[in-house]
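Source file: start-v2.tsv (TSV, N, CA, C and O atoms)
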```tsv
chain	number	residue	atom	x	y	z
V	110	MET	N	35.91	14.68	-12.77
V	110	MET	CA	35.01	13.92	-11.94
V	110	MET	C	33.61	13.96	-12.54
V	110	MET	O	33.13	15.00	-12.94
V	111	LYS	N	32.99	12.81	-12.58
V	111	LYS	CA	31.68	12.66	-13.20
V	111	LYS	C	30.56	13.03	-12.22
V	111	LYS	O	30.63	12.70	-11.05
V	112	LYS	N	29.56	13.73	-12.73
V	112	LYS	CA	28.42	14.11	-11.90
V	112	LYS	C	27.50	12.90	-11.72
V	112	LYS	O	27.23	12.17	-12.66
V	113	ILE	N	27.00	12.72	-10.50
V	113	ILE	CA	26.08	11.62	-10.22
V	113	ILE	C	24.73	11.95	-10.84
V	113	ILE	O	24.20	13.04	-10.65
V	114	GLN	N	24.19	11.01	-11.60
V	114	GLN	CA	22.92	11.19	-12.28
V	114	GLN	C	21.79	10.59	-11.46
V	114	GLN	O	21.90	9.48	-10.97
V	115	PHE	N	20.70	11.34	-11.32
V	115	PHE	CA	19.48	10.87	-10.67
V	115	PHE	C	18.34	11.00	-11.66
V	115	PHE	O	18.36	11.86	-12.54
V	116	SER	N	17.34	10.15	-11.51
V	116	SER	CA	16.16	10.32	-12.35
V	116	SER	C	15.44	11.57	-11.89
V	116	SER	O	15.44	11.90	-10.69
V	117	PRO	N	14.81	12.29	-12.80
V	117	PRO	CA	14.11	13.53	-12.42
V	117	PRO	C	13.02	13.30	-11.37
V	117	PRO	O	12.86	14.11	-10.46
V	118	LEU	N	12.28	12.21	-11.49
V	118	LEU	CA	11.21	11.92	-10.55
V	118	LEU	C	11.75	11.70	-9.14
V	118	LEU	O	11.25	12.28	-8.17
V	119	GLY	N	12.78	10.90	-9.01
V	119	GLY	CA	13.36	10.63	-7.70
V	119	GLY	C	13.99	11.86	-7.08
V	119	GLY	O	13.83	12.12	-5.88
V	120	GLU	N	14.68	12.63	-7.89
V	120	GLU	CA	15.35	13.83	-7.38
V	120	GLU	C	14.33	14.87	-6.91
V	120	GLU	O	14.46	15.45	-5.83
V	121	LYS	N	13.29	15.10	-7.71
V	121	LYS	CA	12.26	16.08	-7.33
V	121	LYS	C	11.48	15.63	-6.10
V	121	LYS	O	11.17	16.44	-5.23
V	122	THR	N	11.17	14.34	-6.03
V	122	THR	CA	10.44	13.83	-4.87
V	122	THR	C	11.27	14.00	-3.60
V	122	THR	O	10.75	14.42	-2.56
V	123	PHE	N	12.56	13.69	-3.68
V	123	PHE	CA	13.43	13.86	-2.52
V	123	PHE	C	13.48	15.32	-2.09
V	123	PHE	O	13.32	15.64	-0.91
V	124	LEU	N	13.70	16.22	-3.04
V	124	LEU	CA	13.82	17.64	-2.70
V	124	LEU	C	12.54	18.20	-2.10
V	124	LEU	O	12.57	18.92	-1.10
V	125	ILE	N	11.40	17.86	-2.70
V	125	ILE	CA	10.12	18.37	-2.20
V	125	ILE	C	9.85	17.82	-0.80
V	125	ILE	O	9.45	18.57	0.10
V	126	SER	N	10.08	16.54	-0.60
V	126	SER	CA	9.85	15.94	0.71
V	126	SER	C	10.76	16.55	1.76
V	126	SER	O	10.32	16.89	2.87
V	127	PHE	N	12.03	16.70	1.43
V	127	PHE	CA	13.00	17.25	2.37
V	127	PHE	C	12.67	18.70	2.72
V	127	PHE	O	12.64	19.08	3.89
V	128	LEU	N	12.41	19.52	1.71
V	128	LEU	CA	12.15	20.94	1.95
V	128	LEU	C	10.83	21.15	2.69
V	128	LEU	O	10.74	22.00	3.59
V	129	ALA	N	9.80	20.40	2.33
V	129	ALA	CA	8.51	20.55	3.01
V	129	ALA	C	8.60	20.11	4.47
V	129	ALA	O	8.10	20.80	5.37
V	130	GLY	N	9.24	18.99	4.72
V	130	GLY	CA	9.40	18.51	6.09
V	130	GLY	C	10.24	19.45	6.93
V	130	GLY	O	9.91	19.75	8.08
V	131	SER	N	11.33	19.96	6.37
V	131	SER	CA	12.18	20.90	7.08
V	131	SER	C	11.43	22.19	7.37
V	131	SER	O	11.53	22.75	8.47
V	132	SER	N	10.67	22.66	6.42
V	132	SER	CA	9.90	23.90	6.60
V	132	SER	C	8.88	23.74	7.72
V	132	SER	O	8.72	24.63	8.56
V	133	LEU	N	8.17	22.62	7.72
V	133	LEU	CA	7.19	22.39	8.79
V	133	LEU	C	7.85	22.33	10.16
V	133	LEU	O	7.34	22.91	11.13
V	134	LEU	N	8.97	21.64	10.26
V	134	LEU	CA	9.66	21.54	11.54
V	134	LEU	C	10.14	22.90	12.02
V	134	LEU	O	9.93	23.28	13.17
V	135	PHE	N	10.76	23.68	11.13
V	135	PHE	CA	11.26	24.99	11.53
V	135	PHE	C	10.13	25.97	11.84
V	135	PHE	O	10.23	26.77	12.75
V	136	LEU	N	9.04	25.89	11.09
V	136	LEU	CA	7.87	26.72	11.39
V	136	LEU	C	7.32	26.40	12.78
V	136	LEU	O	6.93	27.30	13.52
V	137	TYR	N	7.29	25.12	13.11
V	137	TYR	CA	6.81	24.74	14.44
V	137	TYR	C	7.73	25.29	15.52
V	137	TYR	O	7.27	25.80	16.54
V	138	TRP	N	9.05	25.18	15.32
V	138	TRP	CA	9.99	25.69	16.32
V	138	TRP	C	9.84	27.19	16.51
V	138	TRP	O	9.97	27.69	17.61
V	139	ILE	N	9.59	27.90	15.42
V	139	ILE	CA	9.48	29.35	15.49
V	139	ILE	C	8.17	29.78	16.15
V	139	ILE	O	8.15	30.66	17.01
V	140	THR	N	7.05	29.13	15.75
V	140	THR	CA	5.74	29.60	16.19
V	140	THR	C	5.17	28.83	17.38
V	140	THR	O	4.31	29.35	18.07
V	141	LYS	N	5.59	27.60	17.55
V	141	LYS	CA	5.02	26.70	18.58
V	141	LYS	C	3.50	26.54	18.41
V	141	LYS	O	2.78	26.35	19.38
V	142	ALA	N	3.04	26.64	17.18
V	142	ALA	CA	1.61	26.51	16.88
V	142	ALA	C	1.23	25.03	16.89
V	142	ALA	O	1.84	24.21	16.20
V	143	ASN	N	0.20	24.70	17.68
V	143	ASN	CA	-0.20	23.31	17.83
V	143	ASN	C	-0.76	22.70	16.55
V	143	ASN	O	-0.64	21.50	16.33
V	144	PHE	N	-1.38	23.52	15.70
V	144	PHE	CA	-1.93	22.96	14.47
V	144	PHE	C	-0.83	22.43	13.56
V	144	PHE	O	-1.07	21.53	12.75
V	145	LEU	N	0.40	22.94	13.70
V	145	LEU	CA	1.51	22.44	12.89
V	145	LEU	C	1.90	21.02	13.28
V	145	LEU	O	2.42	20.27	12.44
V	146	VAL	N	1.63	20.64	14.51
V	146	VAL	CA	1.88	19.26	14.93
V	146	VAL	C	0.95	18.33	14.16
V	146	VAL	O	1.37	17.29	13.65
V	147	ILE	N	-0.30	18.72	14.05
V	147	ILE	CA	-1.29	17.90	13.33
V	147	ILE	C	-0.96	17.88	11.84
V	147	ILE	O	-0.96	16.82	11.21
V	148	VAL	N	-0.65	19.05	11.28
V	148	VAL	CA	-0.28	19.11	9.86
V	148	VAL	C	0.97	18.28	9.61
V	148	VAL	O	1.05	17.53	8.63
V	149	GLY	N	1.95	18.38	10.49
V	149	GLY	CA	3.19	17.61	10.34
V	149	GLY	C	2.96	16.12	10.42
V	149	GLY	O	3.57	15.35	9.68
V	150	PHE	N	2.05	15.69	11.32
V	150	PHE	CA	1.74	14.27	11.43
V	150	PHE	C	1.16	13.74	10.12
V	150	PHE	O	1.60	12.72	9.60
V	151	TYR	N	0.17	14.47	9.59
V	151	TYR	CA	-0.42	14.02	8.33
V	151	TYR	C	0.57	14.13	7.17
V	151	TYR	O	0.57	13.30	6.26
V	152	TYR	N	1.43	15.12	7.22
V	152	TYR	CA	2.45	15.24	6.18
V	152	TYR	C	3.38	14.03	6.19
V	152	TYR	O	3.71	13.49	5.13
V	153	VAL	N	3.81	13.61	7.37
V	153	VAL	CA	4.71	12.45	7.47
V	153	VAL	C	4.03	11.20	6.91
V	153	VAL	O	4.66	10.43	6.18
V	154	ILE	N	2.75	11.01	7.22
V	154	ILE	CA	2.02	9.84	6.70
V	154	ILE	C	1.95	9.88	5.18
V	154	ILE	O	2.28	8.91	4.50
V	155	ILE	N	1.53	11.03	4.64
V	155	ILE	CA	1.38	11.16	3.19
V	155	ILE	C	2.74	11.06	2.49
V	155	ILE	O	2.88	10.37	1.48
V	156	ALA	N	3.74	11.73	3.04
V	156	ALA	CA	5.08	11.70	2.44
V	156	ALA	C	5.66	10.30	2.46
V	156	ALA	O	6.34	9.89	1.52
V	157	ALA	N	5.41	9.55	3.53
V	157	ALA	CA	5.92	8.18	3.61
V	157	ALA	C	5.31	7.31	2.51
V	157	ALA	O	6.03	6.54	1.85
V	158	VAL	N	4.02	7.45	2.30
V	158	VAL	CA	3.36	6.65	1.26
V	158	VAL	C	3.87	7.04	-0.12
V	158	VAL	O	4.22	6.18	-0.94
V	159	VAL	N	3.93	8.34	-0.40
V	159	VAL	CA	4.38	8.81	-1.71
V	159	VAL	C	5.84	8.40	-1.94
V	159	VAL	O	6.18	7.89	-3.01
V	160	ASN	N	6.69	8.60	-0.95
V	160	ASN	CA	8.10	8.23	-1.10
V	160	ASN	C	8.27	6.73	-1.29
V	160	ASN	O	9.13	6.30	-2.07
V	161	LEU	N	7.47	5.93	-0.60
V	161	LEU	CA	7.55	4.48	-0.77
V	161	LEU	C	7.14	4.07	-2.18
V	161	LEU	O	7.79	3.23	-2.80
V	162	LEU	N	6.08	4.67	-2.69
V	162	LEU	CA	5.64	4.36	-4.06
V	162	LEU	C	6.69	4.76	-5.09
V	162	LEU	O	6.99	4.00	-6.01
V	163	ILE	N	7.28	5.93	-4.93
V	163	ILE	CA	8.34	6.38	-5.86
V	163	ILE	C	9.57	5.48	-5.72
V	163	ILE	O	10.19	5.11	-6.72
V	164	LEU	N	9.90	5.11	-4.50
V	164	LEU	CA	11.04	4.22	-4.27
V	164	LEU	C	10.83	2.88	-4.97
V	164	LEU	O	11.73	2.38	-5.66
V	165	LEU	N	9.64	2.32	-4.84
V	165	LEU	CA	9.36	1.04	-5.49
V	165	LEU	C	9.39	1.18	-7.01
V	165	LEU	O	9.90	0.30	-7.71
V	166	TYR	N	8.87	2.28	-7.54
V	166	TYR	CA	8.90	2.51	-8.98
V	166	TYR	C	10.34	2.61	-9.48
V	166	TYR	O	10.70	1.98	-10.48
V	167	GLU	N	11.16	3.39	-8.78
V	167	GLU	CA	12.56	3.54	-9.18
V	167	GLU	C	13.32	2.22	-9.08
V	167	GLU	O	14.15	1.90	-9.93
V	168	LEU	N	13.01	1.44	-8.06
V	168	LEU	CA	13.65	0.14	-7.90
V	168	LEU	C	13.27	-0.81	-9.02
V	168	LEU	O	14.12	-1.52	-9.57
V	169	MET	N	12.00	-0.80	-9.41
V	169	MET	CA	11.57	-1.65	-10.54
V	169	MET	C	12.22	-1.19	-11.84
V	169	MET	O	12.61	-2.02	-12.67
V	170	GLU	N	12.36	0.12	-12.04
V	170	GLU	CA	13.04	0.64	-13.23
V	170	GLU	C	14.50	0.18	-13.25
V	170	GLU	O	15.01	-0.22	-14.28
V	171	PHE	N	15.15	0.25	-12.11
V	171	PHE	CA	16.55	-0.13	-12.02
V	171	PHE	C	16.74	-1.62	-12.27
V	171	PHE	O	17.64	-2.02	-13.01
V	172	LEU	N	15.90	-2.44	-11.66
V	172	LEU	CA	16.05	-3.88	-11.82
V	172	LEU	C	15.57	-4.37	-13.19
V	172	LEU	O	16.03	-5.40	-13.67
V	173	GLY	N	14.69	-3.61	-13.82
V	173	GLY	CA	14.17	-4.01	-15.13
V	173	GLY	C	15.19	-3.88	-16.24
V	173	GLY	O	15.24	-4.69	-17.15
V	174	ASN	N	16.01	-2.86	-16.20
V	174	ASN	CA	16.99	-2.62	-17.25
V	174	ASN	C	18.21	-1.97	-16.63
V	174	ASN	O	18.40	-0.77	-16.71
V	175	ILE	N	19.04	-2.76	-16.03
V	175	ILE	CA	20.16	-2.26	-15.23
V	175	ILE	C	21.22	-1.54	-16.07
V	175	ILE	O	21.87	-0.64	-15.59
V	176	SER	N	21.38	-1.90	-17.33
V	176	SER	CA	22.44	-1.30	-18.12
V	176	SER	C	22.16	0.16	-18.48
V	176	SER	O	23.06	0.97	-18.56
V	177	GLU	N	20.90	0.52	-18.67
V	177	GLU	CA	20.55	1.86	-19.10
V	177	GLU	C	20.03	2.75	-17.98
V	177	GLU	O	19.88	3.94	-18.16
V	178	LYS	N	19.71	2.20	-16.84
V	178	LYS	CA	19.01	2.95	-15.80
V	178	LYS	C	19.84	3.15	-14.54
V	178	LYS	O	19.37	2.97	-13.45
V	179	LYS	N	21.08	3.52	-14.69
V	179	LYS	CA	21.92	3.80	-13.53
V	179	LYS	C	21.34	4.94	-12.70
V	179	LYS	O	21.44	4.95	-11.48
V	180	SER	N	20.70	5.90	-13.35
V	180	SER	CA	20.12	7.03	-12.62
V	180	SER	C	19.00	6.57	-11.70
V	180	SER	O	18.80	7.15	-10.63
V	181	SER	N	18.27	5.53	-12.07
V	181	SER	CA	17.21	5.01	-11.20
V	181	SER	C	17.81	4.37	-9.95
V	181	SER	O	17.26	4.51	-8.86
V	182	GLY	N	18.92	3.69	-10.09
V	182	GLY	CA	19.58	3.10	-8.92
V	182	GLY	C	20.08	4.17	-7.97
V	182	GLY	O	19.97	4.04	-6.75
V	183	ASN	N	20.63	5.24	-8.53
V	183	ASN	CA	21.07	6.36	-7.69
V	183	ASN	C	19.89	7.02	-7.00
V	183	ASN	O	19.98	7.46	-5.86
V	184	SER	N	18.75	7.09	-7.69
V	184	SER	CA	17.56	7.70	-7.10
V	184	SER	C	17.01	6.84	-5.97
V	184	SER	O	16.47	7.37	-4.99
V	185	VAL	N	17.14	5.53	-6.10
V	185	VAL	CA	16.72	4.64	-5.00
V	185	VAL	C	17.53	4.96	-3.75
V	185	VAL	O	16.99	5.10	-2.65
V	186	LEU	N	18.82	5.13	-3.92
V	186	LEU	CA	19.68	5.46	-2.78
V	186	LEU	C	19.33	6.84	-2.21
V	186	LEU	O	19.30	7.03	-1.00
V	187	LEU	N	19.04	7.78	-3.09
V	187	LEU	CA	18.65	9.12	-2.65
V	187	LEU	C	17.35	9.07	-1.85
V	187	LEU	O	17.22	9.73	-0.82
V	188	MET	N	16.38	8.28	-2.32
V	188	MET	CA	15.10	8.17	-1.63
V	188	MET	C	15.28	7.51	-0.26
V	188	MET	O	14.59	7.84	0.70
V	189	LEU	N	16.22	6.58	-0.15
V	189	LEU	CA	16.48	5.92	1.13
V	189	LEU	C	17.10	6.87	2.15
V	189	LEU	O	17.01	6.62	3.36
V	190	VAL	N	17.70	7.95	1.69
V	190	VAL	CA	18.27	8.94	2.60
V	190	VAL	C	17.16	9.62	3.41
V	190	VAL	O	17.39	10.09	4.52
V	191	ASN	N	15.94	9.66	2.86
V	191	ASN	CA	14.82	10.28	3.58
V	191	ASN	C	14.52	9.58	4.90
V	191	ASN	O	14.05	10.23	5.84
V	192	ILE	N	14.78	8.30	5.00
V	192	ILE	CA	14.43	7.55	6.21
V	192	ILE	C	15.22	8.06	7.43
V	192	ILE	O	14.61	8.42	8.44
V	193	PRO	N	16.55	8.14	7.38
V	193	PRO	CA	17.24	8.66	8.56
V	193	PRO	C	16.94	10.14	8.81
V	193	PRO	O	16.94	10.58	9.97
V	194	ILE	N	16.66	10.90	7.77
V	194	ILE	CA	16.31	12.31	7.97
V	194	ILE	C	15.03	12.42	8.77
V	194	ILE	O	14.93	13.21	9.72
V	195	VAL	N	14.03	11.62	8.44
V	195	VAL	CA	12.77	11.63	9.18
V	195	VAL	C	13.00	11.21	10.63
V	195	VAL	O	12.45	11.82	11.56
V	196	LEU	N	13.82	10.21	10.85
V	196	LEU	CA	14.10	9.76	12.22
V	196	LEU	C	14.81	10.84	13.04
V	196	LEU	O	14.47	11.05	14.21
V	197	VAL	N	15.74	11.55	12.44
V	197	VAL	CA	16.42	12.64	13.13
V	197	VAL	C	15.44	13.76	13.44
V	197	VAL	O	15.41	14.30	14.55
V	198	TYR	N	14.58	14.10	12.48
V	198	TYR	CA	13.60	15.17	12.70
V	198	TYR	C	12.60	14.78	13.79
V	198	TYR	O	12.23	15.62	14.60
V	199	LEU	N	12.17	13.53	13.80
V	199	LEU	CA	11.25	13.10	14.85
V	199	LEU	C	11.93	13.17	16.22
V	199	LEU	O	11.32	13.59	17.21
V	200	ASN	N	13.18	12.77	16.29
V	200	ASN	CA	13.93	12.84	17.53
V	200	ASN	C	14.06	14.29	18.00
V	200	ASN	O	13.87	14.59	19.19
V	201	LEU	N	14.39	15.18	17.09
V	201	LEU	CA	14.49	16.60	17.42
V	201	LEU	C	13.14	17.15	17.89
V	201	LEU	O	13.07	17.91	18.85
V	202	PHE	N	12.09	16.77	17.19
V	202	PHE	CA	10.75	17.25	17.54
V	202	PHE	C	10.37	16.82	18.95
V	202	PHE	O	9.92	17.63	19.76
V	203	PHE	N	10.56	15.55	19.26
V	203	PHE	CA	10.18	15.05	20.58
V	203	PHE	C	11.09	15.60	21.69
V	203	PHE	O	10.65	15.74	22.82
V	204	SER	N	12.32	15.91	21.37
V	204	SER	CA	13.20	16.44	22.40
V	204	SER	C	12.90	17.91	22.71
V	204	SER	O	13.15	18.37	23.81
V	205	PHE	N	12.34	18.64	21.74
V	205	PHE	CA	12.01	20.04	21.97
V	205	PHE	C	10.57	20.26	22.43
V	205	PHE	O	10.22	21.37	22.80
V	206	CYS	N	9.74	19.25	22.38
V	206	CYS	CA	8.34	19.40	22.79
V	206	CYS	C	8.17	19.29	24.28
V	206	CYS	O	8.79	18.73	25.02
```

Would you mind writing the file's structure down as structure tokens?
Amino acid sequence: MKKIQFSPLGEKTFLISFLAGSSLLFLYWITKANFLVIVGFYYVIIAAVVNLLILLYELMEFLGNISEKKSSGNSVLLMLVNIPIVLVYLNLFFSFC
């Protein structure tokens, strides 16, 4: 079975976004510190912009040279996974607040 290839930029962006967002959410659940709500809000805004820019870059790489850039197409799909994760986390956050 062949391993799925991702571009390093897309894979690292996904992992950093996912781990940072998860850490903030779990820290809030543990501490119930109000400042984490503010930090989390700004994190979501910044992460959305950064992820959108990386997504657009990976999409342009994939569409520019489709034969050699299969990893960019896979990274686009990986970056799109962040959207439902954010929605689930927001739902969890609002249900526990």

Residue among V:Tyr198, V:Gly182, V:Phe171, V:Ile163 lying closest to V:Lys121, counting only C-alpha atoms: V:Ile163

I'd like the interatomic distance between atom CA of V:Glu167 and atom CA of V:Leu134, to a tenth of an Å. 27.6 Å

Put a box with edges along x, y and z around all the listed atoms of stretch 158-162 of chain V, pad it by 6 Å on each side, then give me its centre and sizes in Å, one decimal, as AutoDock Vina command-line options.
```
--center_x 6.2 --center_y 6.0 --center_z -1.9 --size_x 17.8 --size_y 17.6 --size_z 20.3
```

Could you find all residues in chain V that DSSP calls alpha helix (DSSP H) from the backbone, and write them as a ChimeraX atom specification? /V:117-140,143-173,179-189,191-205

Å distance separating atom CA of V:Tyr151 from atom CA of V:Met169, one decimal place: 27.3 Å

Selection near V:Thr122, 8 Å with only N, CA, C and O atoms, sequence-local residues under 3 positions removed, as an MDAnalysis selection string: chainID V and resid 116:119 125:129 156 159:160 163 187:188

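From atom O of V:Gln114 back to atom C of V:Lys179, the distance works out to 4.9 Å.
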
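Distances to V:Phe202 were evaluated for V:Leu161, V:Val185, V:Leu124, V:Val146 using only C-alpha atoms, and the minimum falls at V:Val146.
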